Amino acid sequence: PPSPSKIPRWPSNLCKGCRALIKKVRDRYSKPWKRQEDNYKSLSSQLRSQCHGFDGAIITQENSPLGSKILYDSEKNMTLQVIPEIFSTFAKENLFKNKTWDKCAVVGNSGILSHSSCGEMIDSAQFVIRCNLPSLAKLHEKDVGIKTDIVTANPSIIRTKFGDLTRHHRQFVESLHIYGKSLLLLPAFSFGFNTGVSLRTVYATEDFGSPIRPVFFNPEYFRRLTLFWRSRGQRKAFLSTGFKMVNLALENCANVHLYGFWPFSIHPFELNALNNHYFDKIKANWRHHAMPHEFDLWLRLHNQGVLRLHLGHCP
Ligand code: CDP
């Protein structure tokens, strides 16, 4: 945070509740951050033993054999039988087996990243997770970096930008080059309409020899995660993409750093208006999300020394 003498005046048109929120954030965030090993170990081991993201966050040929049924997580009672054509698109085995990382950066898409100069810090992490095919254009590199080990893709983005992949695929596959050899995580079995486009993503990347590796989220993992946080008071059940990725990181990474998690329309220190995303001006649809509640949790975990939240400028 900037020194108190540099904190700007409160704008006159400040949104309802924003002053209290920002004061709380400034107060908690201004205390020097200290890692608390016991707190981290306790949450990480509970997540491992109850949510099994480590060996079950991704659909594999091991955990979803031929003939088994996959139960969708956002579509009541909807199942899909694993037939050979679908089975062949699954990852062969657990991709996180015996893999842990010392330092992970989980990058949300908040407009708070604009002019943050956090790119270098993000790229210095051993493992970088990004959400929903974000822009990594040269223009944003200083603020968000470029390194990507995991990137998620919400099929609605593919649908909007590339017409559901029912026609030509080259342009889509070329748009993925920026993410290199990363894992492309798709929620293929959340809603029924996600499945076709997710399968076509696998075919398209294979046909064009793309180095990116598409894999499917396991809806079982989302159910376990929902139960886990519901039993700890997180009442809103629709967990955002970023929320899922932070939880995955907490199981697999010794040091978890969060960037771009700020679901509010005003900067906490500079008090200027912010876009929902650092790369576009599309307005947020908060009705579908519990992001402000999720943010509250990140702030608590930051204070408990479990993970490190980065707001504002990076040194
Ligand atoms: O698909 P979804 O709407 O969940 O996410 P997004 O807008 O593409 O952003 C990716 C993630 O960044 C979200 O899931 C949130 O966890 C986080 N985010 C945030 O904390 N604040 C924002 N203003 C925007 C996104």
# chains A, B, ... in the order shown; residues from 1 in each chain; ligands from 1
$ residues_near_ligand --ligand "ligand 1" --cutoff "10 Å" --atoms "only C-alpha atoms and all ligand atoms" --output "compact mmCIF listing (two decimals) with all heavy atoms, in the first residue's frame"
# COMPACT_ATOMS: atom_id res chain seq x y z
N VAL A 106 -1.44 -17.62 -8.56
CA VAL A 106 -2.77 -17.80 -9.14
C VAL A 106 -3.24 -16.42 -9.56
O VAL A 106 -3.27 -15.49 -8.75
CB VAL A 106 -3.77 -18.43 -8.14
CG1 VAL A 106 -5.07 -18.80 -8.86
CG2 VAL A 106 -3.18 -19.66 -7.47
N VAL A 107 -3.54 -16.28 -10.84
CA VAL A 107 -3.84 -14.95 -11.38
C VAL A 107 -5.32 -14.85 -11.73
O VAL A 107 -5.80 -15.53 -12.63
CB VAL A 107 -2.97 -14.67 -12.64
CG1 VAL A 107 -3.12 -13.22 -13.07
CG2 VAL A 107 -1.51 -15.01 -12.38
N GLY A 108 -6.05 -14.03 -10.98
CA GLY A 108 -7.44 -13.74 -11.31
C GLY A 108 -7.46 -12.65 -12.38
O GLY A 108 -6.41 -12.12 -12.75
N ASN A 109 -8.62 -12.28 -12.84
CA ASN A 109 -8.68 -11.37 -13.98
C ASN A 109 -9.07 -9.93 -13.62
O ASN A 109 -9.39 -9.14 -14.51
CB ASN A 109 -9.66 -11.92 -15.03
CG ASN A 109 -9.05 -13.12 -15.75
OD1 ASN A 109 -7.83 -13.24 -15.83
ND2 ASN A 109 -9.89 -14.00 -16.26
N SER A 110 -9.04 -9.58 -12.36
CA SER A 110 -9.53 -8.25 -11.95
C SER A 110 -8.78 -7.09 -12.62
O SER A 110 -7.56 -7.16 -12.84
CB SER A 110 -9.39 -8.11 -10.43
OG SER A 110 -9.63 -6.79 -10.06
N GLY A 111 -9.53 -6.02 -12.84
CA GLY A 111 -8.95 -4.79 -13.39
C GLY A 111 -7.89 -4.19 -12.47
O GLY A 111 -7.15 -3.30 -12.89
N ILE A 112 -7.78 -4.67 -11.25
CA ILE A 112 -6.77 -4.15 -10.33
C ILE A 112 -5.35 -4.42 -10.86
O ILE A 112 -4.38 -3.78 -10.46
CB ILE A 112 -6.95 -4.74 -8.91
CG1 ILE A 112 -6.23 -3.88 -7.87
CG2 ILE A 112 -6.47 -6.18 -8.82
CD1 ILE A 112 -6.50 -4.26 -6.43
N LEU A 113 -5.25 -5.39 -11.79
CA LEU A 113 -3.93 -5.70 -12.34
C LEU A 113 -3.42 -4.63 -13.31
O LEU A 113 -2.20 -4.53 -13.53
CB LEU A 113 -3.97 -7.06 -13.05
CG LEU A 113 -3.88 -8.28 -12.13
CD1 LEU A 113 -4.16 -9.56 -12.91
CD2 LEU A 113 -2.51 -8.37 -11.46
N ARG A 130 -3.67 -19.45 -14.57
CA ARG A 130 -4.49 -18.32 -15.04
C ARG A 130 -5.91 -18.80 -15.35
O ARG A 130 -6.13 -20.00 -15.53
CB ARG A 130 -3.88 -17.69 -16.30
CG ARG A 130 -2.46 -17.18 -16.07
CD ARG A 130 -1.91 -16.47 -17.29
NE ARG A 130 -0.48 -16.22 -17.11
CZ ARG A 130 0.05 -15.09 -16.64
NH1 ARG A 130 -0.73 -14.09 -16.32
NH2 ARG A 130 1.37 -14.96 -16.52
N CYS A 131 -6.84 -17.86 -15.41
CA CYS A 131 -8.26 -18.22 -15.54
C CYS A 131 -8.88 -17.71 -16.84
O CYS A 131 -8.68 -16.55 -17.21
CB CYS A 131 -9.05 -17.59 -14.39
SG CYS A 131 -8.47 -18.05 -12.77
N ASN A 132 -9.65 -18.57 -17.47
CA ASN A 132 -10.54 -18.18 -18.58
C ASN A 132 -9.87 -17.52 -19.77
O ASN A 132 -10.33 -16.46 -20.22
CB ASN A 132 -11.66 -17.29 -18.04
CG ASN A 132 -12.62 -18.11 -17.21
OD1 ASN A 132 -12.74 -19.32 -17.41
ND2 ASN A 132 -13.30 -17.48 -16.28
N LEU A 133 -8.84 -18.15 -20.27
CA LEU A 133 -8.15 -17.68 -21.48
C LEU A 133 -7.96 -16.16 -21.46
O LEU A 133 -8.43 -15.44 -22.36
CB LEU A 133 -8.95 -18.09 -22.74
CG LEU A 133 -9.18 -19.60 -22.92
CD1 LEU A 133 -10.05 -19.87 -24.15
CD2 LEU A 133 -7.86 -20.35 -23.06
N PRO A 134 -7.25 -15.64 -20.47
CA PRO A 134 -7.09 -14.17 -20.37
C PRO A 134 -6.15 -13.65 -21.45
O PRO A 134 -5.33 -14.41 -21.97
CB PRO A 134 -6.46 -14.00 -19.00
CG PRO A 134 -5.64 -15.23 -18.82
CD PRO A 134 -6.41 -16.34 -19.48
N THR A 152 -7.46 -22.02 -17.48
CA THR A 152 -8.81 -22.60 -17.58
C THR A 152 -9.53 -21.95 -18.77
O THR A 152 -9.15 -20.87 -19.22
CB THR A 152 -9.64 -22.35 -16.31
OG1 THR A 152 -9.95 -20.95 -16.23
CG2 THR A 152 -8.91 -22.78 -15.07
N ALA A 153 -10.56 -22.63 -19.24
CA ALA A 153 -11.35 -22.05 -20.34
C ALA A 153 -12.81 -22.33 -20.07
O ALA A 153 -13.23 -23.49 -20.03
CB ALA A 153 -10.94 -22.67 -21.67
N ASN A 154 -13.55 -21.27 -19.86
CA ASN A 154 -14.99 -21.43 -19.71
C ASN A 154 -15.58 -21.58 -21.12
O ASN A 154 -15.38 -20.71 -21.96
CB ASN A 154 -15.53 -20.16 -19.04
CG ASN A 154 -16.92 -20.36 -18.55
OD1 ASN A 154 -17.65 -21.17 -19.12
ND2 ASN A 154 -17.28 -19.66 -17.51
N PRO A 155 -16.29 -22.69 -21.42
CA PRO A 155 -16.78 -22.88 -22.79
C PRO A 155 -17.61 -21.72 -23.31
O PRO A 155 -17.68 -21.51 -24.51
CB PRO A 155 -17.63 -24.16 -22.68
CG PRO A 155 -16.99 -24.92 -21.58
CD PRO A 155 -16.54 -23.89 -20.59
N SER A 156 -18.19 -20.91 -22.41
CA SER A 156 -18.98 -19.78 -22.92
C SER A 156 -18.08 -18.79 -23.67
O SER A 156 -18.52 -18.13 -24.61
CB SER A 156 -19.72 -19.09 -21.78
OG SER A 156 -18.80 -18.46 -20.95
N ILE A 157 -16.81 -18.71 -23.28
CA ILE A 157 -15.89 -17.80 -23.98
C ILE A 157 -15.61 -18.35 -25.38
O ILE A 157 -15.60 -17.62 -26.38
CB ILE A 157 -14.57 -17.66 -23.19
CG1 ILE A 157 -14.85 -17.10 -21.81
CG2 ILE A 157 -13.58 -16.80 -23.94
CD1 ILE A 157 -13.64 -17.12 -20.91
N PHE A 238 -22.04 -21.40 -5.73
CA PHE A 238 -21.40 -21.33 -7.04
C PHE A 238 -19.98 -20.79 -6.89
O PHE A 238 -19.77 -19.62 -6.68
CB PHE A 238 -22.21 -20.45 -7.98
CG PHE A 238 -21.83 -20.66 -9.40
CD1 PHE A 238 -22.45 -21.62 -10.18
CD2 PHE A 238 -20.79 -19.92 -9.95
CE1 PHE A 238 -22.08 -21.82 -11.49
CE2 PHE A 238 -20.41 -20.13 -11.27
CZ PHE A 238 -21.06 -21.08 -12.04
N LEU A 239 -19.04 -21.68 -6.94
CA LEU A 239 -17.66 -21.27 -6.71
C LEU A 239 -17.05 -20.75 -8.01
O LEU A 239 -17.13 -21.41 -9.04
CB LEU A 239 -16.86 -22.48 -6.20
CG LEU A 239 -17.50 -23.26 -5.04
CD1 LEU A 239 -16.69 -24.49 -4.71
CD2 LEU A 239 -17.62 -22.37 -3.82
N SER A 240 -16.43 -19.60 -7.95
CA SER A 240 -15.86 -19.03 -9.18
C SER A 240 -14.66 -19.85 -9.64
O SER A 240 -14.06 -20.59 -8.87
CB SER A 240 -15.45 -17.58 -8.94
OG SER A 240 -14.23 -17.54 -8.22
N THR A 241 -14.30 -19.63 -10.91
CA THR A 241 -13.13 -20.34 -11.45
C THR A 241 -11.90 -20.07 -10.59
O THR A 241 -11.15 -20.99 -10.24
CB THR A 241 -12.84 -19.83 -12.88
OG1 THR A 241 -14.04 -19.84 -13.63
CG2 THR A 241 -11.79 -20.66 -13.57
N GLY A 242 -11.71 -18.79 -10.26
CA GLY A 242 -10.54 -18.44 -9.47
C GLY A 242 -10.55 -19.15 -8.12
O GLY A 242 -9.51 -19.60 -7.63
N PHE A 243 -11.72 -19.27 -7.53
CA PHE A 243 -11.83 -19.94 -6.23
C PHE A 243 -11.34 -21.38 -6.32
O PHE A 243 -10.57 -21.86 -5.48
CB PHE A 243 -13.30 -19.93 -5.78
CG PHE A 243 -13.50 -20.38 -4.36
CD1 PHE A 243 -13.44 -19.47 -3.33
CD2 PHE A 243 -13.75 -21.70 -4.07
CE1 PHE A 243 -13.61 -19.88 -2.01
CE2 PHE A 243 -13.93 -22.12 -2.76
CZ PHE A 243 -13.86 -21.20 -1.73
N LYS A 244 -11.78 -22.07 -7.38
CA LYS A 244 -11.37 -23.47 -7.56
C LYS A 244 -9.85 -23.57 -7.74
O LYS A 244 -9.20 -24.45 -7.18
CB LYS A 244 -12.06 -24.05 -8.79
CG LYS A 244 -13.57 -24.20 -8.60
CD LYS A 244 -14.28 -24.33 -9.93
CE LYS A 244 -15.78 -24.37 -9.72
NZ LYS A 244 -16.55 -24.13 -10.94
N MET A 245 -9.29 -22.63 -8.50
CA MET A 245 -7.86 -22.71 -8.78
C MET A 245 -7.01 -22.40 -7.55
O MET A 245 -5.95 -22.99 -7.35
CB MET A 245 -7.47 -21.77 -9.95
CG MET A 245 -8.21 -22.06 -11.24
SD MET A 245 -8.45 -23.83 -11.58
CE MET A 245 -6.81 -24.35 -11.94
N VAL A 246 -7.50 -21.50 -6.69
CA VAL A 246 -6.74 -21.22 -5.46
C VAL A 246 -6.76 -22.46 -4.57
O VAL A 246 -5.74 -22.84 -3.97
CB VAL A 246 -7.32 -19.99 -4.71
CG1 VAL A 246 -6.61 -19.80 -3.38
CG2 VAL A 246 -7.20 -18.74 -5.55
N LEU A 258 -1.62 -14.74 -4.63
CA LEU A 258 -2.80 -14.39 -5.43
C LEU A 258 -2.64 -12.99 -6.02
O LEU A 258 -2.32 -12.04 -5.29
CB LEU A 258 -4.05 -14.38 -4.53
CG LEU A 258 -4.87 -15.67 -4.41
CD1 LEU A 258 -4.02 -16.82 -3.98
CD2 LEU A 258 -6.01 -15.45 -3.43
N TYR A 259 -2.88 -12.90 -7.31
CA TYR A 259 -2.87 -11.61 -8.01
C TYR A 259 -4.20 -11.48 -8.76
O TYR A 259 -4.74 -12.47 -9.24
CB TYR A 259 -1.75 -11.55 -9.05
CG TYR A 259 -0.37 -11.76 -8.49
CD1 TYR A 259 0.13 -13.06 -8.28
CD2 TYR A 259 0.45 -10.69 -8.16
CE1 TYR A 259 1.40 -13.27 -7.77
CE2 TYR A 259 1.73 -10.89 -7.64
CZ TYR A 259 2.19 -12.18 -7.45
OH TYR A 259 3.44 -12.39 -6.93
N GLY A 260 -4.71 -10.27 -8.90
CA GLY A 260 -5.91 -10.06 -9.72
C GLY A 260 -7.17 -10.59 -9.06
O GLY A 260 -8.13 -10.94 -9.75
N PHE A 261 -7.19 -10.67 -7.74
CA PHE A 261 -8.42 -11.04 -7.03
C PHE A 261 -8.92 -9.80 -6.30
O PHE A 261 -8.43 -9.45 -5.22
CB PHE A 261 -8.15 -12.19 -6.04
CG PHE A 261 -8.00 -13.52 -6.72
CD1 PHE A 261 -6.79 -13.89 -7.29
CD2 PHE A 261 -9.07 -14.40 -6.82
CE1 PHE A 261 -6.66 -15.11 -7.95
CE2 PHE A 261 -8.95 -15.62 -7.48
CZ PHE A 261 -7.74 -15.97 -8.05
N TRP A 262 -9.84 -9.11 -6.92
CA TRP A 262 -10.41 -7.88 -6.33
C TRP A 262 -11.73 -7.61 -7.06
O TRP A 262 -11.79 -6.89 -8.07
CB TRP A 262 -9.42 -6.71 -6.47
CG TRP A 262 -9.98 -5.41 -5.96
CD1 TRP A 262 -10.40 -4.34 -6.70
CD2 TRP A 262 -10.21 -5.02 -4.59
NE1 TRP A 262 -10.86 -3.33 -5.89
CE2 TRP A 262 -10.76 -3.72 -4.59
CE3 TRP A 262 -9.99 -5.66 -3.36
CZ2 TRP A 262 -11.10 -3.04 -3.42
CZ3 TRP A 262 -10.33 -4.98 -2.19
CH2 TRP A 262 -10.87 -3.69 -2.23
N PRO A 263 -12.83 -8.21 -6.60
CA PRO A 263 -14.08 -8.12 -7.32
C PRO A 263 -14.88 -6.86 -6.96
O PRO A 263 -16.06 -6.94 -6.63
CB PRO A 263 -14.82 -9.39 -6.90
CG PRO A 263 -14.31 -9.66 -5.52
CD PRO A 263 -12.90 -9.12 -5.44
N PHE A 264 -14.23 -5.71 -7.05
CA PHE A 264 -14.89 -4.45 -6.72
C PHE A 264 -14.50 -3.41 -7.77
O PHE A 264 -13.45 -3.54 -8.42
CB PHE A 264 -14.49 -3.98 -5.31
CG PHE A 264 -14.70 -5.06 -4.27
CD1 PHE A 264 -13.63 -5.80 -3.79
CD2 PHE A 264 -15.99 -5.38 -3.84
CE1 PHE A 264 -13.82 -6.82 -2.87
CE2 PHE A 264 -16.19 -6.40 -2.92
CZ PHE A 264 -15.11 -7.12 -2.43
N SER A 265 -15.32 -2.36 -7.87
CA SER A 265 -15.14 -1.45 -8.99
C SER A 265 -14.32 -0.21 -8.65
O SER A 265 -14.29 0.76 -9.38
CB SER A 265 -16.51 -1.02 -9.51
OG SER A 265 -17.26 -0.52 -8.42
N ILE A 266 -13.64 -0.25 -7.51
CA ILE A 266 -12.80 0.90 -7.12
C ILE A 266 -11.48 0.39 -6.55
O ILE A 266 -11.45 -0.63 -5.85
CB ILE A 266 -13.56 1.81 -6.11
CG1 ILE A 266 -12.72 3.00 -5.71
CG2 ILE A 266 -14.01 1.04 -4.88
CD1 ILE A 266 -13.51 4.08 -4.99
N LEU A 274 -12.36 0.96 -11.49
CA LEU A 274 -11.70 -0.20 -12.10
C LEU A 274 -12.67 -0.98 -12.97
O LEU A 274 -13.85 -1.08 -12.65
CB LEU A 274 -11.19 -1.15 -11.01
CG LEU A 274 -10.05 -0.72 -10.14
CD1 LEU A 274 -9.76 -1.80 -9.10
CD2 LEU A 274 -8.80 -0.45 -10.98
N ASN A 275 -12.14 -1.57 -14.05
CA ASN A 275 -12.94 -2.52 -14.82
C ASN A 275 -12.95 -3.86 -14.10
O ASN A 275 -12.05 -4.15 -13.30
CB ASN A 275 -12.33 -2.72 -16.21
CG ASN A 275 -12.49 -1.49 -17.06
OD1 ASN A 275 -13.52 -0.81 -16.98
ND2 ASN A 275 -11.49 -1.17 -17.86
N ASN A 276 -13.95 -4.67 -14.43
CA ASN A 276 -14.00 -6.01 -13.85
C ASN A 276 -12.79 -6.83 -14.28
O ASN A 276 -12.23 -7.59 -13.49
CB ASN A 276 -15.31 -6.69 -14.26
CG ASN A 276 -15.43 -8.08 -13.71
OD1 ASN A 276 -15.03 -8.34 -12.58
ND2 ASN A 276 -15.98 -8.99 -14.50
N HIS A 277 -12.40 -6.71 -15.54
CA HIS A 277 -11.23 -7.44 -16.08
C HIS A 277 -10.13 -6.46 -16.48
O HIS A 277 -10.43 -5.37 -16.96
CB HIS A 277 -11.63 -8.24 -17.33
CG HIS A 277 -12.55 -9.38 -17.04
ND1 HIS A 277 -13.42 -9.86 -17.98
CD2 HIS A 277 -12.73 -10.14 -15.94
CE1 HIS A 277 -14.11 -10.87 -17.47
NE2 HIS A 277 -13.71 -11.06 -16.22
N TYR A 278 -8.89 -6.90 -16.37
CA TYR A 278 -7.79 -6.02 -16.79
C TYR A 278 -7.72 -5.88 -18.31
O TYR A 278 -7.07 -4.98 -18.82
CB TYR A 278 -6.44 -6.50 -16.23
CG TYR A 278 -5.91 -7.81 -16.81
CD1 TYR A 278 -5.19 -7.83 -18.01
CD2 TYR A 278 -6.13 -9.02 -16.18
CE1 TYR A 278 -4.71 -9.01 -18.54
CE2 TYR A 278 -5.65 -10.22 -16.71
CZ TYR A 278 -4.95 -10.20 -17.89
OH TYR A 278 -4.46 -11.39 -18.43
N ILE A 282 -16.03 -5.24 -20.24
CA ILE A 282 -17.33 -5.89 -20.05
C ILE A 282 -17.71 -5.86 -18.58
O ILE A 282 -16.89 -6.15 -17.69
CB ILE A 282 -17.28 -7.36 -20.57
CG1 ILE A 282 -16.98 -7.35 -22.08
CG2 ILE A 282 -18.59 -8.10 -20.29
CD1 ILE A 282 -16.70 -8.70 -22.68
N LYS A 283 -18.96 -5.47 -18.34
CA LYS A 283 -19.42 -5.32 -16.95
C LYS A 283 -19.59 -6.70 -16.29
O LYS A 283 -19.93 -7.67 -16.95
CB LYS A 283 -20.76 -4.59 -16.92
CG LYS A 283 -20.67 -3.14 -17.36
CD LYS A 283 -20.84 -2.22 -16.15
CE LYS A 283 -20.70 -0.75 -16.48
NZ LYS A 283 -19.43 -0.28 -16.97
N ALA A 284 -19.40 -6.73 -14.99
CA ALA A 284 -19.53 -7.99 -14.25
C ALA A 284 -20.99 -8.36 -14.07
O ALA A 284 -21.82 -7.47 -13.91
CB ALA A 284 -18.89 -7.85 -12.89
N ASN A 285 -21.27 -9.65 -14.08
CA ASN A 285 -22.61 -10.10 -13.73
C ASN A 285 -22.52 -10.77 -12.36
O ASN A 285 -22.35 -11.98 -12.24
CB ASN A 285 -23.12 -11.09 -14.79
CG ASN A 285 -24.57 -11.45 -14.55
OD1 ASN A 285 -25.12 -11.12 -13.50
ND2 ASN A 285 -25.19 -12.12 -15.50
N TRP A 286 -22.60 -9.93 -11.31
CA TRP A 286 -22.34 -10.44 -9.95
C TRP A 286 -23.40 -11.41 -9.47
O TRP A 286 -23.19 -12.14 -8.53
CB TRP A 286 -22.22 -9.30 -8.95
CG TRP A 286 -21.12 -8.34 -9.28
CD1 TRP A 286 -21.25 -7.02 -9.57
CD2 TRP A 286 -19.72 -8.61 -9.35
NE1 TRP A 286 -20.03 -6.46 -9.83
CE2 TRP A 286 -19.08 -7.41 -9.70
CE3 TRP A 286 -18.94 -9.77 -9.17
CZ2 TRP A 286 -17.71 -7.32 -9.87
CZ3 TRP A 286 -17.57 -9.67 -9.34
CH2 TRP A 286 -16.98 -8.46 -9.68
N HIS A 288 -24.36 -14.11 -10.59
CA HIS A 288 -23.96 -15.52 -10.68
C HIS A 288 -22.84 -15.89 -9.71
O HIS A 288 -22.44 -17.02 -9.64
CB HIS A 288 -23.50 -15.84 -12.10
CG HIS A 288 -24.62 -15.75 -13.09
ND1 HIS A 288 -25.81 -16.37 -12.88
CD2 HIS A 288 -24.71 -15.11 -14.27
CE1 HIS A 288 -26.60 -16.11 -13.92
NE2 HIS A 288 -25.97 -15.34 -14.75
N HIS A 289 -22.29 -14.90 -9.08
CA HIS A 289 -21.05 -15.18 -8.34
C HIS A 289 -21.09 -14.79 -6.88
O HIS A 289 -21.88 -13.96 -6.46
CB HIS A 289 -19.89 -14.44 -8.99
CG HIS A 289 -19.38 -15.14 -10.21
ND1 HIS A 289 -18.93 -16.43 -10.18
CD2 HIS A 289 -19.27 -14.74 -11.48
CE1 HIS A 289 -18.56 -16.77 -11.39
NE2 HIS A 289 -18.76 -15.77 -12.19
N ALA A 290 -20.19 -15.43 -6.16
CA ALA A 290 -20.04 -15.09 -4.75
C ALA A 290 -18.66 -14.48 -4.55
O ALA A 290 -18.09 -14.59 -3.48
CB ALA A 290 -20.21 -16.36 -3.93
N MET A 291 -18.15 -13.82 -5.59
CA MET A 291 -16.75 -13.35 -5.53
C MET A 291 -16.46 -12.45 -4.33
O MET A 291 -15.41 -12.59 -3.71
CB MET A 291 -16.36 -12.64 -6.82
CG MET A 291 -16.04 -13.61 -7.94
SD MET A 291 -15.50 -12.66 -9.36
CE MET A 291 -15.98 -13.74 -10.69
N PRO A 292 -17.35 -11.50 -3.98
CA PRO A 292 -17.02 -10.67 -2.80
C PRO A 292 -16.89 -11.51 -1.52
O PRO A 292 -16.02 -11.25 -0.69
CB PRO A 292 -18.20 -9.70 -2.72
CG PRO A 292 -18.66 -9.58 -4.14
CD PRO A 292 -18.50 -10.96 -4.70
N GLU A 294 -15.95 -14.64 -1.52
CA GLU A 294 -14.69 -15.36 -1.70
C GLU A 294 -13.51 -14.46 -1.35
O GLU A 294 -12.55 -14.89 -0.70
CB GLU A 294 -14.58 -15.85 -3.16
CG GLU A 294 -15.61 -16.92 -3.49
CD GLU A 294 -15.61 -17.33 -4.97
OE1 GLU A 294 -14.78 -16.84 -5.74
OE2 GLU A 294 -16.47 -18.16 -5.33
N PHE A 295 -13.61 -13.18 -1.75
CA PHE A 295 -12.53 -12.25 -1.45
C PHE A 295 -12.33 -12.13 0.06
O PHE A 295 -11.20 -12.07 0.56
CB PHE A 295 -12.80 -10.87 -2.05
CG PHE A 295 -11.72 -9.90 -1.68
CD1 PHE A 295 -10.51 -9.90 -2.36
CD2 PHE A 295 -11.88 -9.04 -0.60
CE1 PHE A 295 -9.48 -9.04 -1.98
CE2 PHE A 295 -10.86 -8.19 -0.21
CZ PHE A 295 -9.66 -8.19 -0.91
N TRP A 298 -10.21 -14.84 1.12
CA TRP A 298 -8.78 -14.64 0.79
C TRP A 298 -8.13 -13.68 1.77
O TRP A 298 -6.98 -13.87 2.18
CB TRP A 298 -8.61 -14.11 -0.65
CG TRP A 298 -9.24 -14.90 -1.73
CD1 TRP A 298 -9.81 -14.43 -2.87
CD2 TRP A 298 -9.37 -16.34 -1.80
NE1 TRP A 298 -10.29 -15.46 -3.64
CE2 TRP A 298 -10.04 -16.64 -3.01
CE3 TRP A 298 -9.01 -17.40 -0.98
CZ2 TRP A 298 -10.34 -17.94 -3.41
CZ3 TRP A 298 -9.32 -18.70 -1.36
CH2 TRP A 298 -9.97 -18.96 -2.54
$ residues_around --residues "A:Ser116" --least-positions-apart "2" --cutoff "8 Å" --atoms "only C-alpha atoms" --output "ChimeraX atom specification"
/A:112-114,118,143,312-314
$ write_last_selection --atoms "N, CA, C and O atoms" --output "short mmCIF file (atom, residue, chain, number, x, y, z; two decimals), in the first residue's frame"
data_model
loop_
_atom_site.label_atom_id
_atom_site.label_comp_id
_atom_site.auth_asym_id
_atom_site.auth_seq_id
_atom_site.Cartn_x
_atom_site.Cartn_y
_atom_site.Cartn_z
N ILE A 112 -7.78 -4.67 -11.25
CA ILE A 112 -6.77 -4.15 -10.33
C ILE A 112 -5.35 -4.42 -10.86
O ILE A 112 -4.38 -3.78 -10.46
N LEU A 113 -5.25 -5.39 -11.79
CA LEU A 113 -3.93 -5.70 -12.34
C LEU A 113 -3.42 -4.63 -13.31
O LEU A 113 -2.20 -4.53 -13.53
N SER A 114 -4.33 -3.83 -13.87
CA SER A 114 -3.89 -2.79 -14.80
C SER A 114 -2.96 -1.82 -14.08
O SER A 114 -3.28 -1.36 -12.98
N CYS A 118 2.98 -6.11 -11.90
CA CYS A 118 3.19 -7.39 -11.20
C CYS A 118 3.71 -8.51 -12.11
O CYS A 118 3.93 -9.63 -11.65
N ASP A 143 2.22 -5.98 -16.49
CA ASP A 143 1.30 -6.09 -15.36
C ASP A 143 0.95 -7.54 -14.99
O ASP A 143 0.68 -7.83 -13.82
N GLY A 312 -2.84 -3.88 -5.43
CA GLY A 312 -2.07 -2.67 -5.74
C GLY A 312 -0.77 -2.98 -6.47
O GLY A 312 -0.65 -4.03 -7.11
N HIS A 313 0.21 -2.09 -6.30
CA HIS A 313 1.44 -2.20 -7.08
C HIS A 313 2.40 -3.23 -6.55
O HIS A 313 2.50 -3.44 -5.35
N CYS A 314 3.12 -3.88 -7.45
CA CYS A 314 4.19 -4.79 -7.03
C CYS A 314 5.48 -4.01 -6.99
O CYS A 314 5.66 -3.07 -7.79
#
$ residues_around --residues "A:Asn13" --least-positions-apart "4" --cutoff "12 Å" --atoms "only C-alpha atoms" --output "VMD selection string"
chain A and resid 9 17 to 19 266 271 to 273
$ write_last_selection --atoms "C-alpha atoms" --output "mmCIF file, in the first residue's frame"
data_model
loop_
_atom_site.group_PDB
_atom_site.id
_atom_site.type_symbol
_atom_site.label_atom_id
_atom_site.label_comp_id
_atom_site.auth_asym_id
_atom_site.auth_seq_id
_atom_site.Cartn_x
_atom_site.Cartn_y
_atom_site.Cartn_z
ATOM 1 C CA ARG A 9 -9.095 11.781 -1.074
ATOM 2 C CA GLY A 17 -20.511 0.147 1.514
ATOM 3 C CA CYS A 18 -17.274 0.818 -0.379
ATOM 4 C CA ARG A 19 -15.701 3.088 2.230
ATOM 5 C CA ILE A 266 -12.799 0.904 -7.120
ATOM 6 C CA LEU A 271 -9.554 5.032 -5.351
ATOM 7 C CA ASN A 272 -9.882 5.223 -9.147
ATOM 8 C CA ALA A 273 -12.645 3.319 -10.978
#
$ residues_around --residues "stretch 163-168 of chain A" --least-positions-apart "6" --cutoff "10 Å" --atoms "only C-alpha atoms" --output "compact mmCIF listing (two decimals) with N, CA and C atoms, in the first residue's frame"
# COMPACT_ATOMS: atom_id res chain seq x y z
N PRO A 155 -16.29 -22.69 -21.42
CA PRO A 155 -16.78 -22.88 -22.79
C PRO A 155 -17.61 -21.72 -23.31
N SER A 156 -18.19 -20.91 -22.41
CA SER A 156 -18.98 -19.78 -22.92
C SER A 156 -18.08 -18.79 -23.67
N ILE A 157 -16.81 -18.71 -23.28
CA ILE A 157 -15.89 -17.80 -23.98
C ILE A 157 -15.61 -18.35 -25.38
N PHE A 193 -24.33 -28.33 -22.03
CA PHE A 193 -23.85 -27.69 -23.25
C PHE A 193 -22.34 -27.45 -23.25
N ASN A 194 -21.66 -27.75 -22.16
CA ASN A 194 -20.19 -27.61 -22.14
C ASN A 194 -19.48 -28.79 -22.81
N GLY A 196 -19.92 -30.87 -25.61
CA GLY A 196 -19.57 -30.90 -27.03
C GLY A 196 -18.41 -29.98 -27.35
N VAL A 197 -18.48 -28.75 -26.89
CA VAL A 197 -17.44 -27.77 -27.23
C VAL A 197 -16.10 -28.16 -26.58
N SER A 198 -16.16 -28.82 -25.42
CA SER A 198 -14.91 -29.26 -24.77
C SER A 198 -14.27 -30.40 -25.57
N LEU A 199 -15.09 -31.33 -26.04
CA LEU A 199 -14.56 -32.42 -26.87
C LEU A 199 -13.98 -31.86 -28.17
N ARG A 200 -14.68 -30.87 -28.75
CA ARG A 200 -14.18 -30.28 -30.00
C ARG A 200 -12.87 -29.53 -29.77
N THR A 201 -12.69 -29.02 -28.56
CA THR A 201 -11.41 -28.36 -28.23
C THR A 201 -10.27 -29.38 -28.29
N ALA A 204 -9.66 -30.24 -31.99
CA ALA A 204 -9.04 -29.14 -32.73
C ALA A 204 -7.56 -29.02 -32.39
